[in-house]
>>> print(open('coords_26.cif').read())   # mmCIF, C-alpha atoms
data_model
loop_
_atom_site.group_PDB
_atom_site.id
_atom_site.type_symbol
_atom_site.label_atom_id
_atom_site.label_comp_id
_atom_site.auth_asym_id
_atom_site.auth_seq_id
_atom_site.Cartn_x
_atom_site.Cartn_y
_atom_site.Cartn_z
ATOM 1 C CA MET A 1 63.040 -143.040 240.226
ATOM 2 C CA GLU A 2 65.854 -144.653 242.234
ATOM 3 C CA GLU A 3 66.263 -141.374 244.166
ATOM 4 C CA LEU A 4 62.532 -141.482 244.967
ATOM 5 C CA LEU A 5 62.864 -145.019 246.361
ATOM 6 C CA ALA A 6 65.931 -144.060 248.406
ATOM 7 C CA SER A 7 64.221 -141.019 249.964
ATOM 8 C CA TRP A 8 61.063 -143.049 250.581
ATOM 9 C CA ASN A 9 63.038 -145.805 252.319
ATOM 10 C CA GLU A 10 64.574 -143.228 254.697
ATOM 11 C CA LYS A 11 61.085 -142.482 256.079
ATOM 12 C CA PHE A 12 60.885 -145.939 257.693
ATOM 13 C CA ARG A 13 62.445 -144.806 260.940
ATOM 14 C CA LEU A 14 61.206 -143.935 264.381
ATOM 15 C CA HIS A 15 59.029 -140.825 264.443
ATOM 16 C CA ALA A 16 58.275 -139.127 267.756
ATOM 17 C CA ASP A 17 54.881 -139.541 269.372
ATOM 18 C CA GLY A 18 52.667 -136.696 268.165
ATOM 19 C CA ALA A 19 54.759 -136.101 265.037
ATOM 20 C CA GLN A 20 53.163 -135.343 261.698
ATOM 21 C CA LEU A 21 54.362 -138.159 259.454
ATOM 22 C CA PRO A 22 55.850 -137.348 256.043
ATOM 23 C CA PRO A 23 53.837 -138.146 252.906
ATOM 24 C CA HIS A 24 54.867 -141.345 251.134
ATOM 25 C CA HIS A 25 55.885 -139.166 248.186
ATOM 26 C CA THR A 26 54.631 -135.916 246.674
ATOM 27 C CA LEU A 27 52.399 -137.580 244.064
ATOM 28 C CA CYS A 28 50.895 -140.318 246.258
ATOM 29 C CA LEU A 29 47.163 -140.599 245.485
ATOM 30 C CA ALA A 30 46.116 -140.438 249.118
ATOM 31 C CA CYS A 31 48.762 -138.299 250.875
ATOM 32 C CA GLY A 32 50.765 -136.570 248.161
ATOM 33 C CA PRO A 33 50.510 -132.794 248.480
ATOM 34 C CA ASP A 34 51.271 -132.314 244.763
ATOM 35 C CA ASN A 35 48.638 -134.728 243.408
ATOM 36 C CA PRO A 36 45.758 -132.583 242.099
ATOM 37 C CA HIS A 37 43.387 -135.575 242.222
ATOM 38 C CA GLY A 38 44.509 -136.814 245.633
ATOM 39 C CA HIS A 39 43.132 -136.753 249.136
ATOM 40 C CA HIS A 40 46.070 -134.786 250.634
ATOM 41 C CA LEU A 41 45.829 -136.909 253.773
ATOM 42 C CA THR A 42 47.808 -135.577 256.750
ATOM 43 C CA VAL A 43 48.679 -138.215 259.354
ATOM 44 C CA ASN A 44 50.043 -138.000 262.899
ATOM 45 C CA ARG A 45 51.478 -140.581 265.219
ATOM 46 C CA ARG A 46 49.675 -141.066 268.549
ATOM 47 C CA GLY A 47 51.423 -143.744 270.555
ATOM 48 C CA GLU A 48 51.275 -146.951 268.538
ATOM 49 C CA GLU A 49 48.473 -145.649 266.297
ATOM 50 C CA VAL A 50 48.257 -143.257 263.369
ATOM 51 C CA HIS A 51 45.466 -140.677 263.168
ATOM 52 C CA ALA A 52 44.079 -138.398 260.480
ATOM 53 C CA THR A 53 41.165 -136.050 259.952
ATOM 54 C CA HIS A 54 39.714 -136.033 256.454
ATOM 55 C CA VAL A 55 36.969 -134.397 254.409
ATOM 56 C CA PHE A 56 35.948 -136.083 251.142
ATOM 57 C CA ASP A 57 35.096 -133.578 248.396
ATOM 58 C CA GLU A 58 33.569 -133.512 244.897
ATOM 59 C CA ARG A 59 36.641 -135.270 243.439
ATOM 60 C CA HIS A 60 35.719 -138.329 245.508
ATOM 61 C CA VAL A 61 31.991 -138.538 244.667
ATOM 62 C CA GLY A 62 30.239 -141.846 244.028
ATOM 63 C CA ALA A 63 26.483 -141.528 244.474
ATOM 64 C CA PRO A 64 25.317 -137.892 244.658
ATOM 65 C CA GLY A 65 26.666 -136.316 247.860
ATOM 66 C CA ILE A 66 28.364 -139.530 248.979
ATOM 67 C CA ALA A 67 32.035 -140.541 248.757
ATOM 68 C CA HIS A 68 32.830 -143.369 246.361
ATOM 69 C CA GLY A 69 33.599 -146.607 248.215
ATOM 70 C CA GLY A 70 36.899 -146.849 246.350
ATOM 71 C CA ALA A 71 37.894 -143.396 247.610
ATOM 72 C CA VAL A 72 37.172 -144.512 251.171
ATOM 73 C CA ALA A 73 39.188 -147.711 250.602
ATOM 74 C CA THR A 74 42.080 -145.633 249.209
ATOM 75 C CA VAL A 75 42.204 -143.528 252.367
ATOM 76 C CA PHE A 76 42.151 -146.620 254.592
ATOM 77 C CA ASP A 77 44.880 -148.338 252.546
ATOM 78 C CA ASP A 78 47.112 -145.276 252.748
ATOM 79 C CA LEU A 79 46.451 -144.818 256.461
ATOM 80 C CA PHE A 80 47.656 -148.404 256.960
ATOM 81 C CA GLY A 81 50.743 -147.470 254.932
ATOM 82 C CA PHE A 82 51.619 -144.862 257.561
ATOM 83 C CA LEU A 83 51.774 -147.584 260.206
ATOM 84 C CA LEU A 84 54.851 -148.835 258.354
ATOM 85 C CA TYR A 85 56.710 -145.764 259.623
ATOM 86 C CA LEU A 86 56.143 -147.209 263.104
ATOM 87 C CA THR A 87 57.060 -150.806 262.229
ATOM 88 C CA GLY A 88 60.348 -149.808 260.598
ATOM 89 C CA GLY A 89 60.161 -151.048 257.031
ATOM 90 C CA PRO A 90 58.252 -151.202 253.766
ATOM 91 C CA ALA A 91 55.393 -153.616 253.179
ATOM 92 C CA VAL A 92 52.696 -154.173 250.577
ATOM 93 C CA THR A 93 48.959 -154.658 250.860
ATOM 94 C CA ARG A 94 48.020 -158.335 250.597
ATOM 95 C CA LYS A 95 44.385 -158.016 251.662
ATOM 96 C CA LEU A 96 42.147 -155.042 252.416
ATOM 97 C CA GLU A 97 38.583 -155.336 253.674
ATOM 98 C CA VAL A 98 36.335 -152.321 254.227
ATOM 99 C CA LEU A 99 33.023 -152.431 256.074
ATOM 100 C CA TYR A 100 30.675 -149.533 255.361
ATOM 101 C CA ASP A 101 28.300 -148.868 258.268
ATOM 102 C CA SER A 102 26.661 -145.787 256.757
ATOM 103 C CA PRO A 103 27.236 -143.395 253.848
ATOM 104 C CA VAL A 104 30.403 -141.308 253.939
ATOM 105 C CA ILE A 105 29.050 -137.835 253.196
ATOM 106 C CA LEU A 106 30.983 -135.303 251.125
ATOM 107 C CA GLY A 107 31.977 -132.171 253.028
ATOM 108 C CA THR A 108 31.792 -133.911 256.427
ATOM 109 C CA THR A 109 34.827 -134.164 258.694
ATOM 110 C CA TYR A 110 35.891 -137.685 259.671
ATOM 111 C CA ASP A 111 38.416 -138.908 262.228
ATOM 112 C CA LEU A 112 40.459 -141.954 261.267
ATOM 113 C CA ALA A 113 42.665 -144.143 263.444
ATOM 114 C CA ALA A 114 44.700 -147.246 262.554
ATOM 115 C CA ARG A 115 46.794 -149.713 264.493
ATOM 116 C CA VAL A 116 48.757 -152.933 264.029
ATOM 117 C CA THR A 117 46.938 -155.649 265.971
ATOM 118 C CA ARG A 118 49.544 -158.396 265.599
ATOM 119 C CA THR A 119 52.505 -159.592 263.573
ATOM 120 C CA GLU A 120 53.467 -163.082 262.416
ATOM 121 C CA GLY A 121 56.831 -163.152 260.679
ATOM 122 C CA ARG A 122 56.442 -160.942 257.587
ATOM 123 C CA LYS A 123 52.688 -160.559 258.141
ATOM 124 C CA LEU A 124 51.284 -157.365 259.664
ATOM 125 C CA PHE A 125 47.611 -157.453 260.690
ATOM 126 C CA MET A 126 45.973 -154.023 260.933
ATOM 127 C CA GLU A 127 42.626 -152.452 261.843
ATOM 128 C CA ALA A 128 41.193 -148.952 261.374
ATOM 129 C CA ASP A 129 38.052 -146.937 262.090
ATOM 130 C CA MET A 130 36.455 -143.898 260.473
ATOM 131 C CA LYS A 131 34.098 -141.860 262.646
ATOM 132 C CA GLN A 132 32.142 -138.726 261.979
ATOM 133 C CA LEU A 133 33.809 -135.937 263.965
ATOM 134 C CA GLY A 134 32.349 -136.260 267.462
ATOM 135 C CA GLY A 135 29.993 -138.980 266.291
ATOM 136 C CA SER A 136 29.578 -142.612 265.445
ATOM 137 C CA ARG A 137 31.589 -144.958 263.244
ATOM 138 C CA VAL A 138 30.740 -144.860 259.539
ATOM 139 C CA ALA A 139 33.305 -147.389 258.280
ATOM 140 C CA SER A 140 36.038 -149.724 259.452
ATOM 141 C CA ALA A 141 38.771 -151.683 257.744
ATOM 142 C CA SER A 142 41.162 -154.537 258.310
ATOM 143 C CA ALA A 143 44.260 -155.350 256.323
ATOM 144 C CA LEU A 144 47.060 -157.823 255.941
ATOM 145 C CA PHE A 145 50.362 -156.328 254.808
ATOM 146 C CA LEU A 146 53.501 -158.302 253.934
ATOM 147 C CA SER A 147 56.908 -156.859 254.821
ATOM 148 C CA VAL A 148 59.248 -156.591 251.840
ATOM 149 C CA ASP A 149 62.714 -155.260 251.131
ATOM 150 C CA VAL A 150 62.798 -151.892 249.370
ATOM 151 C CA THR A 151 64.287 -153.637 246.311
ATOM 152 C CA HIS A 152 60.801 -155.120 245.775
ATOM 153 C CA PHE A 153 59.833 -151.747 244.310
ATOM 154 C CA ASN A 154 62.561 -151.853 241.655
ATOM 155 C CA GLN A 155 59.929 -153.657 239.575
ATOM 156 C CA GLY A 156 58.273 -150.290 238.990
ATOM 157 C CA LEU A 157 61.430 -148.554 237.787
ATOM 158 C CA PRO A 158 61.669 -147.724 234.072
ATOM 159 C CA ILE A 159 63.982 -149.944 232.014
#
>>> encode(input="coords_26.cif", output="structure tokens")
Amino acid sequence: MEELLASWNEKFRLHADGAQLPPHHTLCLACGPDNPHGHHLTVNRRGEEVHATHVFDERHVGAPGIAHGGAVATVFDDLFGFLLYLTGGPAVTRKLEVLYDSPVILGTTYDLAARVTRTEGRKLFMEADMKQLGGSRVASASALFLSVDVTHFNQGLPI
């Protein structure tokens, strides 16, 4: 587990504009390529924003044919986590608010974009949008993250 934290901490460095950003770790619920229940989110840097394209599938169903609100919130929370690769250090979610403008339909392609809007000491304020590919916004989110030292995550290490 300590090796996982060390390799994860190395990802908080400058990534070139246009670069595909590395997953947080292979089993991450939202971006981990090896998580069979995950979203397998792929994120790219575009200037001071992060962008992703995503299709929710049957694993993410809430009401018939519609993505579960918690699945949408998971994707937003993880997208915000990729902004930390641009800010240079780990942080944790303090507050996440999602506004649902219309149903997020399974099998539909969505564009997502997130940005840091301001910082105050350890506080990072973030905003994101989810739009139907070539269409209108279906959801948006705002978040407050708190910067922490990587040792904060030692709490999750086995004894």
>>> residues_around(input="coords_26.cif", residues="stretch 31-41 of chain A", least_positions_apart="4", cutoff="12 Å", atoms="all atoms listed in the file", output="PyMOL selection string")
chain A and resi 20-27+50-60+67+71-82+110-112
>>> write_last_selection(input="coords_26.cif", atoms="C-alpha atoms", output="CSV table (one decimal), in the coordinates of the input")
chain,number,residue,atom,x,y,z
A,20,GLN,CA,53.2,-135.3,261.7
A,21,LEU,CA,54.4,-138.2,259.5
A,22,PRO,CA,55.8,-137.3,256.0
A,23,PRO,CA,53.8,-138.1,252.9
A,24,HIS,CA,54.9,-141.3,251.1
A,25,HIS,CA,55.9,-139.2,248.2
A,26,THR,CA,54.6,-135.9,246.7
A,27,LEU,CA,52.4,-137.6,244.1
A,50,VAL,CA,48.3,-143.3,263.4
A,51,HIS,CA,45.5,-140.7,263.2
A,52,ALA,CA,44.1,-138.4,260.5
A,53,THR,CA,41.2,-136.0,260.0
A,54,HIS,CA,39.7,-136.0,256.5
A,55,VAL,CA,37.0,-134.4,254.4
A,56,PHE,CA,35.9,-136.1,251.1
A,57,ASP,CA,35.1,-133.6,248.4
A,58,GLU,CA,33.6,-133.5,244.9
A,59,ARG,CA,36.6,-135.3,243.4
A,60,HIS,CA,35.7,-138.3,245.5
A,67,ALA,CA,32.0,-140.5,248.8
A,71,ALA,CA,37.9,-143.4,247.6
A,72,VAL,CA,37.2,-144.5,251.2
A,73,ALA,CA,39.2,-147.7,250.6
A,74,THR,CA,42.1,-145.6,249.2
A,75,VAL,CA,42.2,-143.5,252.4
A,76,PHE,CA,42.2,-146.6,254.6
A,77,ASP,CA,44.9,-148.3,252.5
A,78,ASP,CA,47.1,-145.3,252.7
A,79,LEU,CA,46.5,-144.8,256.5
A,80,PHE,CA,47.7,-148.4,257.0
A,81,GLY,CA,50.7,-147.5,254.9
A,82,PHE,CA,51.6,-144.9,257.6
A,110,TYR,CA,35.9,-137.7,259.7
A,111,ASP,CA,38.4,-138.9,262.2
A,112,LEU,CA,40.5,-142.0,261.3
>>> resolve_selection(input="coords_26.cif", expression="the PyMOL selection byres ((chain A and resi 15) around 8)", output="list in words")
Arg13, Leu14, Ala16, Asp17, Ala19, Leu21, Arg45, Tyr85 and Leu86 of chain A
>>> atom_distance(input="coords_26.cif", atom1="atom CA of A:Glu48", atom2="atom CA of A:Phe125")
13.6 Å
>>> atom_distance(input="coords_26.cif", atom1="atom CA of A:Leu83", atom2="atom CA of A:Ala139")
18.6 Å
>>> atom_distance(input="coords_26.cif", atom1="atom CA of A:Glu127", atom2="atom CA of A:Pro64")
28.4 Å
>>> closest_residue(input="coords_26.cif", among="A:Leu144, A:Leu29, A:Val92, A:Val61", to="A:Arg118", atoms="all atoms listed in the file")
A:Leu144
>>> closest_residue(input="coords_26.cif", among="A:Leu99, A:Leu133, A:Thr108, A:Gly89", to="A:Ile66", atoms="all atoms listed in the file")
A:Thr108
>>> closest_residue(input="coords_26.cif", among="A:Ala63, A:Ala143, A:Leu84, A:Leu124", to="A:Leu96", atoms="only C-alpha atoms")
A:Ala143
>>> residues_near_point(input="coords_26.cif", point="(55.0, -154.5, 255.8)", cutoff="8 Å", atoms="only C-alpha atoms", output="PyMOL selection string")
chain A and resi 84+87+89-93+122-124+145-148
>>> closest_residue(input="coords_26.cif", among="A:Gly18, A:Gly47, A:Gly69, A:Gly134", to="A:Ser102", atoms="all atoms listed in the file")
A:Gly69
